[in-house]
Structure formats: C-alpha cells, structure tokens
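J.: Got a file for you: protein.cif, mmCIF, C-alpha atoms.
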data_coords
loop_
_atom_site.label_atom_id
_atom_site.label_comp_id
_atom_site.auth_asym_id
_atom_site.auth_seq_id
_atom_site.Cartn_x
_atom_site.Cartn_y
_atom_site.Cartn_z
CA MET A 1 -13.74 -15.90 -15.05
CA PHE A 2 -15.66 -13.79 -12.52
CA THR A 3 -19.32 -14.32 -11.85
CA SER A 4 -19.89 -10.92 -10.24
CA ASP A 5 -18.22 -7.55 -10.66
CA THR A 6 -14.79 -7.54 -9.13
CA ILE A 7 -12.51 -4.71 -8.14
CA VAL A 8 -8.96 -5.45 -9.25
CA LYS A 9 -6.53 -3.80 -6.84
CA VAL A 10 -3.19 -2.45 -7.97
CA GLY A 11 -0.47 -1.86 -5.36
CA ILE A 12 2.30 0.73 -5.33
CA ALA A 13 4.74 0.25 -8.23
CA GLN A 14 2.44 -2.36 -9.75
CA MET A 15 0.10 -2.60 -12.75
CA ASP A 16 -2.79 -4.67 -14.01
CA VAL A 17 -5.47 -4.87 -16.69
CA VAL A 18 -9.22 -5.29 -16.32
CA LYS A 19 -12.25 -5.98 -18.55
CA ALA A 20 -15.82 -4.71 -18.05
CA PRO A 21 -17.84 -5.08 -15.87
CA ASN A 22 -14.94 -5.31 -13.45
CA THR A 23 -13.26 -2.15 -12.20
CA ILE A 24 -9.66 -1.37 -11.37
CA ARG A 25 -8.42 0.64 -8.41
CA THR A 26 -5.34 1.86 -6.59
CA SER A 27 -5.29 3.53 -3.19
CA GLY A 28 -3.22 6.03 -1.27
CA LEU A 29 -1.58 7.88 -4.17
CA GLY A 30 0.62 10.67 -2.81
CA SER A 31 3.45 11.85 -5.03
CA CYS A 32 2.88 8.72 -7.12
CA VAL A 33 0.74 8.96 -10.25
CA GLY A 34 -2.05 6.57 -11.18
CA VAL A 35 -2.28 6.21 -14.97
CA VAL A 36 -5.32 4.61 -16.59
CA ILE A 37 -5.06 3.67 -20.25
CA TYR A 38 -8.28 2.36 -21.77
CA ASP A 39 -10.01 1.21 -24.93
CA GLU A 40 -13.66 2.35 -25.00
CA THR A 41 -14.83 -0.04 -27.70
CA LYS A 42 -13.26 -3.14 -26.19
CA GLN A 43 -14.05 -1.99 -22.61
CA ILE A 44 -10.56 -2.87 -21.43
CA ALA A 45 -8.49 -0.72 -19.08
CA GLY A 46 -4.98 -0.89 -17.65
CA LEU A 47 -3.81 0.89 -14.51
CA ILE A 48 -0.28 1.55 -13.31
CA HIS A 49 0.85 3.11 -9.99
CA VAL A 50 4.02 5.01 -10.96
CA MET A 51 6.52 6.01 -8.22
CA LEU A 52 9.41 7.61 -10.11
CA PRO A 53 9.70 9.52 -13.39
CA ASP A 54 12.62 7.86 -15.09
CA SER A 55 14.28 4.44 -14.94
CA SER A 56 17.68 6.13 -15.22
CA LEU A 57 17.11 7.07 -11.55
CA GLY A 58 17.27 3.36 -10.78
CA LYS A 59 20.73 2.59 -9.48
CA VAL A 60 20.44 -1.18 -9.80
CA ASP A 61 19.89 -3.33 -12.89
CA ALA A 62 17.29 -5.86 -11.84
CA THR A 63 14.27 -3.82 -10.93
CA ASN A 64 10.54 -3.56 -11.20
CA VAL A 65 9.57 -1.91 -14.51
CA ALA A 66 6.20 -0.77 -13.12
CA LYS A 67 7.97 1.61 -10.72
CA PHE A 68 8.98 4.12 -13.41
CA ALA A 69 6.95 6.23 -15.84
CA ASP A 70 9.09 5.39 -18.86
CA THR A 71 9.45 1.61 -18.48
CA GLY A 72 6.04 1.25 -16.81
CA ILE A 73 3.84 2.83 -19.45
CA LYS A 74 5.59 0.81 -22.14
CA ALA A 75 5.02 -2.39 -20.15
CA LEU A 76 1.37 -1.50 -19.56
CA LEU A 77 0.90 -0.95 -23.30
CA ASP A 78 2.37 -4.39 -23.91
CA LEU A 79 -0.13 -5.90 -21.45
CA LEU A 80 -2.99 -4.10 -23.19
CA LYS A 81 -1.82 -5.16 -26.64
CA ALA A 82 -1.74 -8.76 -25.43
CA GLU A 83 -5.47 -8.30 -24.72
CA GLY A 84 -6.01 -7.34 -28.35
CA VAL A 85 -6.43 -3.57 -28.10
CA GLN A 86 -5.19 -1.30 -30.88
CA THR A 87 -2.84 1.45 -29.78
CA PHE A 88 -4.51 4.20 -31.83
CA LYS A 89 -7.82 3.66 -29.99
CA LEU A 90 -6.31 4.12 -26.53
CA LYS A 91 -7.04 7.08 -24.26
CA ALA A 92 -5.67 8.00 -20.84
CA LYS A 93 -6.71 9.59 -17.56
CA ILE A 94 -4.30 10.34 -14.74
CA ALA A 95 -4.41 11.37 -11.07
CA GLY A 96 -1.89 11.93 -8.28
CA GLY A 97 1.43 13.72 -8.22
CA ALA A 98 0.74 15.56 -4.98
CA GLN A 99 3.25 17.08 -2.63
CA MET A 100 2.19 15.68 0.74
CA PHE A 101 4.56 17.75 2.87
CA GLN A 102 5.64 21.34 2.43
CA PHE A 103 9.39 21.64 2.72
CA THR A 104 11.85 24.36 2.05
CA SER A 105 14.39 21.66 1.15
CA ASP A 106 15.45 21.91 -2.48
CA LYS A 107 16.22 18.19 -2.63
CA SER A 108 14.82 16.97 -5.93
CA SER A 109 13.14 13.90 -4.42
CA MET A 110 10.96 16.27 -2.38
CA ARG A 111 9.23 17.55 -5.51
CA ILE A 112 8.85 14.19 -7.16
CA GLY A 113 5.07 14.59 -7.64
CA PRO A 114 5.20 17.24 -10.39
CA ARG A 115 8.14 15.42 -12.01
CA ASN A 116 6.12 12.19 -12.11
CA VAL A 117 3.19 13.97 -13.76
CA GLU A 118 5.45 15.55 -16.35
CA ALA A 119 7.18 12.25 -17.13
CA VAL A 120 3.85 10.42 -17.51
CA LYS A 121 2.59 13.08 -19.92
CA ASN A 122 5.78 12.84 -21.97
CA GLU A 123 5.40 9.08 -22.25
CA LEU A 124 1.73 9.28 -23.26
CA ASN A 125 2.69 11.86 -25.84
CA LYS A 126 5.41 9.61 -27.15
CA TYR A 127 2.87 6.86 -27.86
CA LYS A 128 0.28 9.39 -29.18
CA ILE A 129 -2.22 8.48 -26.47
CA PRO A 130 -4.55 11.44 -25.81
CA LEU A 131 -4.86 12.53 -22.18
CA ILE A 132 -8.62 12.98 -21.70
CA ALA A 133 -8.63 14.18 -18.09
CA GLU A 134 -6.35 14.67 -15.10
CA ASP A 135 -6.55 15.50 -11.41
CA THR A 136 -2.97 16.15 -10.36
CA GLY A 137 -0.88 18.22 -7.97
CA GLY A 138 -2.06 19.77 -4.72
CA ASN A 139 -1.27 18.24 -1.35
CA SER A 140 -3.95 15.56 -0.92
CA GLY A 141 -3.69 11.80 -1.13
CA ARG A 142 -5.98 10.13 -3.66
CA THR A 143 -7.65 6.76 -4.15
CA ILE A 144 -8.81 6.15 -7.71
CA GLU A 145 -11.08 3.62 -9.37
CA PHE A 146 -11.81 3.26 -13.08
CA SER A 147 -14.76 1.56 -14.70
CA PRO A 148 -14.32 0.44 -18.33
CA VAL A 149 -18.14 0.48 -18.61
CA THR A 150 -18.59 4.19 -17.91
CA ASN A 151 -14.97 5.22 -18.68
CA LYS A 152 -15.10 7.40 -15.57
CA LEU A 153 -12.28 7.76 -13.13
CA ASN A 154 -13.58 8.09 -9.59
CA ILE A 155 -11.27 10.00 -7.23
CA ARG A 156 -11.57 9.97 -3.45
CA THR A 157 -9.63 12.32 -1.19
CA VAL A 158 -9.68 12.86 2.56
CA ASN A 159 -10.03 16.63 2.45
CA ARG A 160 -11.82 17.34 -0.81
CA GLY A 161 -14.38 14.53 -0.99
CA VAL A 162 -15.18 12.48 -4.09
CA SER A 163 -15.07 13.57 -7.72
CA GLU A 164 -15.24 11.99 -11.16
CA ILE A 165 -13.29 12.81 -14.28
CA MET B 1 20.50 -4.65 -3.55
CA ASN B 2 23.52 -6.23 -1.98
CA PHE B 3 22.80 -5.17 1.60
CA ASN B 4 19.74 -7.42 1.52
CA GLN B 5 21.89 -10.51 1.59
CA LYS B 6 24.37 -9.15 4.09
CA ILE B 7 21.95 -8.43 6.91
CA THR B 8 22.45 -11.00 9.65
CA SER B 9 20.54 -11.55 12.87
CA LEU B 10 23.22 -9.57 14.70
CA HIS B 11 22.54 -6.62 12.40
CA LEU B 12 18.83 -6.94 13.04
CA ASP B 13 19.47 -6.88 16.79
CA VAL B 14 21.48 -3.68 16.41
CA LEU B 15 18.68 -2.05 14.42
CA LYS B 16 16.15 -3.19 17.03
CA GLU B 17 18.26 -1.59 19.72
CA ILE B 18 18.23 1.64 17.74
CA GLY B 19 14.43 1.50 17.62
CA ASN B 20 14.34 0.69 21.30
CA ILE B 21 16.54 3.54 22.47
CA GLY B 22 15.05 6.12 20.13
CA ALA B 23 11.42 5.28 20.77
CA ALA B 24 11.95 4.89 24.55
CA HIS B 25 13.17 8.47 24.73
CA ALA B 26 10.35 9.68 22.53
CA ALA B 27 7.77 7.80 24.63
CA THR B 28 9.20 9.36 27.79
CA ALA B 29 8.97 12.80 26.19
CA LEU B 30 5.36 12.12 25.20
CA SER B 31 4.57 10.89 28.69
CA ASP B 32 6.00 14.10 30.18
CA LEU B 33 4.13 16.22 27.67
CA LEU B 34 0.75 14.64 28.44
CA SER B 35 1.28 13.57 32.07
CA LYS B 36 0.12 10.13 30.98
CA LYS B 37 1.67 6.70 31.04
CA ILE B 38 2.87 5.72 27.58
CA ASP B 39 4.02 2.19 26.92
CA MET B 40 5.86 0.79 23.94
CA GLN B 41 6.28 -2.55 22.25
CA VAL B 42 9.52 -4.29 21.40
CA PRO B 43 10.59 -2.78 18.07
CA LYS B 44 10.18 -4.75 14.89
CA VAL B 45 12.79 -4.63 12.18
CA GLU B 46 11.50 -5.91 8.90
CA MET B 47 12.57 -5.95 5.31
CA VAL B 48 9.35 -5.50 3.39
CA THR B 49 8.11 -4.74 -0.12
CA PHE B 50 6.65 -1.28 -0.73
CA ASP B 51 3.22 -2.85 -0.94
CA HIS B 52 3.66 -4.54 2.43
CA MET B 53 4.87 -1.26 3.92
CA MET B 54 1.38 0.08 3.20
CA GLU B 55 -0.11 -2.49 5.57
CA LEU B 56 2.04 -1.62 8.58
CA ALA B 57 -0.34 1.05 9.85
CA GLY B 58 -3.66 -0.43 8.82
CA GLY B 59 -3.67 -0.14 5.02
CA SER B 60 -2.86 2.50 2.44
CA GLU B 61 -6.26 4.19 2.65
CA THR B 62 -6.43 4.51 6.44
CA VAL B 63 -6.57 8.14 7.44
CA VAL B 64 -3.78 9.02 9.86
CA VAL B 65 -1.92 11.97 11.25
CA GLY B 66 1.63 11.83 9.94
CA VAL B 67 4.69 13.80 10.91
CA PHE B 68 7.59 13.36 8.51
CA LEU B 69 11.14 14.59 8.52
CA ARG B 70 14.30 13.82 6.64
CA ILE B 71 17.49 12.92 8.48
CA GLU B 72 20.74 14.34 7.21
CA GLY B 73 24.33 14.19 8.41
CA ASP B 74 26.42 11.04 8.95
CA VAL B 75 23.34 8.92 8.32
CA GLU B 76 20.44 9.75 6.03
CA GLY B 77 16.92 8.52 6.00
CA SER B 78 13.29 9.27 6.63
CA MET B 79 11.47 9.35 9.94
CA PHE B 80 7.72 9.17 10.47
CA PHE B 81 5.55 9.53 13.54
CA ILE B 82 2.15 8.11 12.58
CA LEU B 83 -0.93 8.32 14.77
CA PRO B 84 -4.40 6.88 14.14
CA ILE B 85 -6.94 9.74 14.16
CA GLU B 86 -8.58 8.55 17.43
CA GLN B 87 -5.24 8.57 19.20
CA ALA B 88 -4.19 11.93 17.76
CA ASN B 89 -7.55 13.38 18.82
CA ARG B 90 -7.04 12.25 22.42
CA PHE B 91 -3.50 13.59 22.58
CA ILE B 92 -4.39 16.97 21.09
CA GLN B 93 -7.52 17.30 23.24
CA ARG B 94 -5.26 16.90 26.23
CA LEU B 95 -2.61 19.27 24.93
CA ILE B 96 -4.92 22.16 24.03
CA HIS B 97 -7.52 21.45 26.77
CA ASP B 98 -10.41 21.08 24.35
CA GLU B 99 -12.43 17.84 24.73
CA THR B 100 -14.40 18.51 21.54
CA PHE B 101 -11.41 18.70 19.24
CA ASP B 102 -11.60 16.32 16.26
CA PHE B 103 -9.21 15.97 13.31
CA TYR B 104 -12.13 14.64 11.25
CA LYS B 105 -13.96 17.97 11.57
CA ALA B 106 -12.61 20.40 8.99
CA PRO B 107 -11.30 23.00 9.16
CA VAL B 108 -8.85 21.90 11.85
CA SER B 109 -7.81 24.85 14.04
CA GLU B 110 -4.37 26.38 13.60
CA LEU B 111 -3.73 25.83 17.31
CA ALA B 112 -4.35 22.08 17.02
CA LEU B 113 -2.18 21.75 13.91
CA SER B 114 0.55 23.74 15.57
CA ALA B 115 0.32 21.57 18.72
CA MET B 116 0.49 18.42 16.60
CA GLN B 117 3.49 19.69 14.69
CA GLU B 118 5.24 20.64 17.91
CA MET B 119 4.49 17.22 19.38
CA GLY B 120 6.01 15.61 16.29
CA ASN B 121 8.98 17.92 16.59
CA ILE B 122 9.62 17.08 20.24
CA LEU B 123 9.14 13.33 19.82
CA SER B 124 11.21 12.90 16.70
CA GLY B 125 13.83 15.21 18.19
CA SER B 126 14.15 13.07 21.30
CA TYR B 127 14.18 9.88 19.22
CA LEU B 128 17.00 11.16 17.05
CA SER B 129 19.08 12.84 19.76
CA ALA B 130 19.02 9.56 21.71
CA LEU B 131 20.19 7.84 18.55
CA SER B 132 22.90 10.42 18.05
CA ASP B 133 24.15 10.05 21.65
CA PHE B 134 24.17 6.27 21.36
CA THR B 135 25.99 6.06 18.04
CA LYS B 136 28.07 9.28 18.29
CA LEU B 137 26.91 10.02 14.76
CA LYS B 138 25.98 13.50 13.62
CA ILE B 139 22.27 13.49 12.86
CA TYR B 140 20.48 16.60 11.62
CA PRO B 141 16.72 16.38 11.34
CA THR B 142 14.88 18.75 9.00
CA VAL B 143 11.90 20.69 10.33
CA PRO B 144 9.03 18.18 10.37
CA GLY B 145 6.11 18.42 7.98
CA LEU B 146 2.57 17.49 9.03
CA SER B 147 -0.17 15.83 7.01
CA VAL B 148 -3.58 14.41 7.88
CA ASP B 149 -4.25 12.04 5.02
CA MET B 150 -4.15 8.46 3.75
CA PHE B 151 -1.29 6.41 5.21
CA GLY B 152 -0.18 5.25 1.75
CA ALA B 153 0.11 8.80 0.44
CA ILE B 154 2.08 9.87 3.51
CA ILE B 155 4.48 6.94 3.81
CA SER B 156 5.27 6.84 0.07
CA THR B 157 7.05 10.19 0.55
CA GLY B 158 9.68 8.28 2.51
CA LEU B 159 9.94 5.48 -0.03
CA ILE B 160 10.97 7.70 -2.95
CA GLU B 161 14.64 7.88 -2.00
CA LEU B 162 14.80 4.13 -1.30
CA SER B 163 12.90 3.18 -4.41
CA GLN B 164 15.79 4.40 -6.56
CA VAL B 165 18.00 1.60 -5.30
CA SER B 166 15.67 -1.15 -4.14
CA ASP B 167 12.20 -2.64 -4.29
CA HIS B 168 12.39 -3.35 -0.57
CA VAL B 169 12.66 -1.24 2.53
CA ILE B 170 14.18 -1.99 5.91
CA VAL B 171 11.85 -0.45 8.43
CA ILE B 172 12.51 0.02 12.14
CA ASN B 173 8.99 0.09 13.54
CA THR B 174 8.23 0.86 17.18
CA SER B 175 4.66 1.23 18.34
CA ILE B 176 3.53 3.19 21.39
CA PHE B 177 0.19 3.25 23.20
CA GLU B 178 -1.51 4.65 26.27
CA GLU B 179 -1.01 2.29 29.18
CA ASP B 180 -4.33 2.81 30.98
CA ILE B 181 -6.55 2.19 27.93
CA ALA B 182 -8.06 -1.31 27.63
CA ILE B 183 -6.15 -3.45 25.13
CA SER B 184 -9.24 -3.82 22.96
CA GLU B 185 -9.51 -0.04 22.60
CA ALA B 186 -5.82 0.73 22.47
CA VAL B 187 -4.81 2.25 19.16
CA HIS B 188 -1.15 2.31 18.46
CA GLY B 189 1.00 5.15 17.24
CA HIS B 190 4.08 4.24 15.24
CA PHE B 191 7.58 5.51 14.84
CA PHE B 192 8.93 4.40 11.47
CA LEU B 193 12.61 4.89 10.82
CA LEU B 194 13.63 4.20 7.22
CA PRO B 195 17.40 4.59 6.83
CA ASP B 196 18.62 5.20 3.29
CA PRO B 197 20.46 2.12 1.98
CA ASP B 198 23.87 3.81 2.03
CA SER B 199 23.49 4.56 5.74
CA PHE B 200 23.33 0.97 6.99
CA ALA B 201 27.06 0.46 6.58
CA THR B 202 27.72 3.59 8.66
CA ILE B 203 25.39 2.48 11.45
CA PHE B 204 26.85 -1.03 11.60
CA LYS B 205 30.39 0.28 11.50
CA VAL B 206 30.06 2.65 14.46
CA LEU B 207 28.32 -0.05 16.47
CA GLY B 208 31.07 -2.53 15.69
CA VAL B 209 29.16 -5.10 13.69
CA SER B 210 30.46 -4.41 10.19
#
What is this file in structure tokens?

T.:
Amino acid sequence: MFTSDTIVKVGIAQMDVVKAPNTIRTSGLGSCVGVVIYDETKQIAGLIHVMLPDSSLGKVDATNVAKFADTGIKALLDLLKAEGVQTFKLKAKIAGGAQMFQFTSDKSSMRIGPRNVEAVKNELNKYKIPLIAEDTGGNSGRTIEFSPVTNKLNIRTVNRGVSEI
Amino acid sequence: MNFNQKITSLHLDVLKEIGNIGAAHAATALSDLLSKKIDMQVPKVEMVTFDHMMELAGGSETVVVGVFLRIEGDVEGSMFFILPIEQANRFIQRLIHDETFDFYKAPVSELALSAMQEMGNILSGSYLSALSDFTKLKIYPTVPGLSVDMFGAIISTGLIELSQVSDHVIVINTSIFEEDIAISEAVHGHFFLLPDPDSFATIFKVLGVS
C-alpha cells in the first residue's frame, strides 16, 4: 500500500496496527501508557494509547474501547489476530505511566499513571504475553515509536533525552 | 453523555463570558506583575475530542510550561495556564531580572521555577476568584503544580476525570499575548478551563440558563 516507509500515528485513546518497514508512534504520553504488542516473525506490531486502567471506571455505556487497559488490550489483540498473528508468538513493550504533577491530594485520579501501568501488566499477564521491556513511572512526558524491523521501542523525553528499549 | 445534546448557543455564551471575566482578571494581574501591556482574545468554547484537545496549543509534542490545578467546591474541574517556552522565558526574564534565563537550559534554577509557580498561582487565583465573585459559587483551587514538558503529557492530566464519563471535553480557552510584540512574533499563552461534566448544570443554574 505504501511505497516508502510511513510512520503510523496513534492518538490518545486510540490504537492501530503496522507492518514492516513502516513504524508506529504515539506522542505526549503523560499518565497514559503506550503498549506495543508485536510479532517478530511476521514483523507486525500494534500500539494502543491507554488512558484509564479499567472500563468499570467508565460511567457511560457507549464508549471508546481503546481508552481502557482491559477492553483496549483485548481489542488490540483482535486487530492483530485479524492480521494473522498467533497469540503465543506475541511480545510486549510498554512506556508511560508518569505522574506529571506532584500533588499532596489523595484523589485517586491523581495517581492514575501507576494504576495504568499495573492494569496493563495484569492484562498482558492474562493473555500470557511476555513483557520484554518497560520505561514507566517518573514525571516526564514520553513520545514513543516502534519499528517492527528492529523490534526496538524508541523513547523521547524532554528532560532525559532519547533512549531505546 | 447527555449534556452534549443539551448545550445551546445561550449556554455557550455563558461559558464564553466565564472565560472572558476570568481571563480578563488574570491578564490584568499579569500586566501588573510585569508592568507590560497584556492583551487577550475573545474566548473560545469548544467541544472537542481528546485528540483534538492535543492540537489546541500546537500539538501534543510541543514543549510548554504548564501550571495545573484542580478546582474543588461547588464546581469541580481542571485549570491550566499554558505558555510556549519563548513566552515563558520572556516573562521569567522580566520577573527575576535575568536576560539570559532559558527554560531550555537545564537545570532550571529554583528561583525561576519558584517565580513561574508563583505566577501561575497569582494568575489562576485571579481567574478563579473573578469567577467565584461573578457566579457566587464557592471555588477552592488546589495549590498549582508546575511542569515543563510536552503539551500532550501535561493536558492529559486534566482529561482523566472527564474521560471516565465522556470521549469529549468542553474547553473554555482564552489566549493572552503581549500587546507590543509584532503579530508575526506573538506567541500566545492559554488559559484552559475544563469543568467536570457534573459541574455544568451548577454553572448554568446559578447564571439562570438551566
């Protein structure tokens, strides 16, 4: 479909799937968690930008499944399966879950970052998808980009520069 | 979300007026603080998707200075004062009398961070007290937090509460700028007020448009 390498961009509370040599990216992760699930042999990767840990937090019925860790990861797996990947071959890398502002407030939504990370890990565990690497927590925003050719997750931050996991 | 359908143009006008009164007071406070003319634009009230919200200050990856506080009391919500780095640099240079100060140069001095936090405190305080006087609602702001980071990472903090009930956000957006800077060079700061969904009914009721 593409003649040259394309970067597929995923917005907040959205998801998408990409095939090599194209890459997939999401920007400005704060307390949200970017989850990459990939198949090395087929060189296919899915990325989801999760905002909230659990769809039971959703107070309305009709909602976007990609917003939550539980419904989102399931939906991403369905997208990947539609591309012909086998679940047992899948691996994951995650980044995000920061706390951008330091507050003394004990309001639960203020520590949503760590809760998102925990929920994502639980979901991956549920589907027996090994978590190969993570860069989570702290108080920096992150932009991430994954290449299904190298299987590397590139992470850019404002304060800590660029790294790869 | 049922309030989405119920918002009429009269409601939007009321929300615009809130942005107008709040930001006008904040702009006056900023002008006093810096001895500089500060102008503001007519507020925009928009119902946008989370993704679109990311574009309102130049894209989710744009590095900005962000002051964030939660509003508690009769109405609840999130308030942001967002400045592009260039603008924040000029303001802080003026405040701490150091022409070489630059938010891009790490580590940023404690004095500059403290000045920025205090500026955010004063401006959001004047925005919200004007709002409180106008509506006679009790509004308690939390102590503001400060972050120099990507706009997307900063603003998403305010979307968490909303995202539990909706995939859209009603944002009251007022931009301010220095009056004596050429339009081509003018970079705009933004006040973003994001009331929690439950608070709209309260606001409309006290202002007689329920």

J.: Pull out every residue that the PyMOL selection byres ((chain A and resi 134) around 8) matches in the shown coordinates and put them as a PDB file with C-alpha atoms, keeping the file's coordinate frame.

T.:
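Below you can see expr-v1.pdb, which holds the result:
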ATOM      1  CA  LYS A  93      -6.710   9.590 -17.560  1.00  0.00           C
ATOM      2  CA  ILE A  94      -4.300  10.340 -14.740  1.00  0.00           C
ATOM      3  CA  ALA A  95      -4.410  11.370 -11.070  1.00  0.00           C
ATOM      4  CA  LEU A 131      -4.860  12.530 -22.180  1.00  0.00           C
ATOM      5  CA  ILE A 132      -8.620  12.980 -21.700  1.00  0.00           C
ATOM      6  CA  ALA A 133      -8.630  14.180 -18.090  1.00  0.00           C
ATOM      7  CA  ASP A 135      -6.550  15.500 -11.410  1.00  0.00           C
ATOM      8  CA  THR A 136      -2.970  16.150 -10.360  1.00  0.00           C
ATOM      9  CA  ILE A 165     -13.290  12.810 -14.280  1.00  0.00           C
TER      10      ILE A 165
END

J.: Hey, what's within 12 Å of segment 80-90 of chain A if we count only C-alpha atoms and toss same-chain stuff fewer than 4 positions away? As a ChimeraX atom specification, please?

T.: /A:15-19,36-48,73-76,124-132,151

J.: Mind checking which residues fall within 10 Å of Thr62 of chain B, counting all atoms listed in the file, ignoring those fewer than 5 positions away in the same chain, and posting them as JSON, numbers by chain?

T.: {"A": [27, 28, 158], "B": [54, 55, 57, 84, 85, 149, 150, 151, 152, 153]}

J.: Counting only C-alpha atoms, figure out which residue out of B:Phe101, B:Phe200, B:Phe50, B:Phe81 gets nearest to Leu159 of chain B.

T.: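 Distance minimum relative to Leu159 of chain B lands on B:Phe50.
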
J.: Output the contact residues of chain B with respect to chain A at a cut-off of 9 Å, based on all atoms listed in the file, as number ranges by chain.

T.: B: 1, 50-51, 54, 59-63, 67-68, 106, 142-157, 159-161, 163-167

J.: Quick one: which residues end up in the PyMOL selection byres ((chain B and resi 189) around 6) for this structure, as a PyMOL selection string?

T.: chain B and resi 82-83+175-176+188+190

J.: Mind giving me the straight-line distance from atom CA of Met119 of chain B to atom CA of Ser132 of chain B in Å, one decimal?

T.: 19.7 Å

J.: Atom CA of His49 of chain A and atom CA of Gly97 of chain A are how many Å apart?

T.: 10.8 Å

J.: Can you pull out every residue within 10 Å of Arg90 of chain B, counting all atoms listed in the file, but drop anything in the same chain fewer than 3 positions away, and send it as a VMD selection string?

T.: chain B and resid 85 to 87 93 to 95 98 to 102

J.: Can I get the selected residues back with C-alpha atoms, as a CSV table (one decimal), in the coordinates of the input?

T.:
chain,number,residue,atom,x,y,z
B,85,ILE,CA,-6.9,9.7,14.2
B,86,GLU,CA,-8.6,8.6,17.4
B,87,GLN,CA,-5.2,8.6,19.2
B,93,GLN,CA,-7.5,17.3,23.2
B,94,ARG,CA,-5.3,16.9,26.2
B,95,LEU,CA,-2.6,19.3,24.9
B,98,ASP,CA,-10.4,21.1,24.4
B,99,GLU,CA,-12.4,17.8,24.7
B,100,THR,CA,-14.4,18.5,21.5
B,101,PHE,CA,-11.4,18.7,19.2
B,102,ASP,CA,-11.6,16.3,16.3

J.: So how many Å separate atom CA of His25 of chain B and atom CA of His168 of chain B, to one decimal?

T.: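 Separation between atom CA of His25 of chain B and atom CA of His168 of chain B: 27.9 Å.
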
J.: Once the PyMOL selection byres ((chain B and resi 169-174) around 9) is applied to the coordinates I shared, what remains selected? I want it as a PyMOL selection string.

T.: chain B and resi 4+15-16+18-20+23+40-50+53+56+159+162-163+166-168+175-176+189-197

J.: How big is the axis-aligned box around all listed atoms of segment 149-161 of chain A once 5 Å goes on each side, and where's its centre, in Å to one decimal, as AutoDock Vina command-line options?

T.:
--center_x -14.1 --center_y 8.9 --center_z -8.1 --size_x 19.0 --size_y 26.9 --size_z 31.2

J.: Which is closer to Asn89 of chain B than all the others in B:Val65, B:Val209, B:Ile122, B:Leu12, using all atoms listed in the file?

T.: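 Of all the options, B:Val65 lies closest to Asn89 of chain B.
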
J.: Closest to Glu17 of chain B among B:Ile139, B:Val187, B:Leu123, B:Leu131, using all atoms listed in the file?

T.: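 Ranking B:Ile139, B:Val187, B:Leu123, B:Leu131 by distance to Glu17 of chain B, first place goes to B:Leu131.
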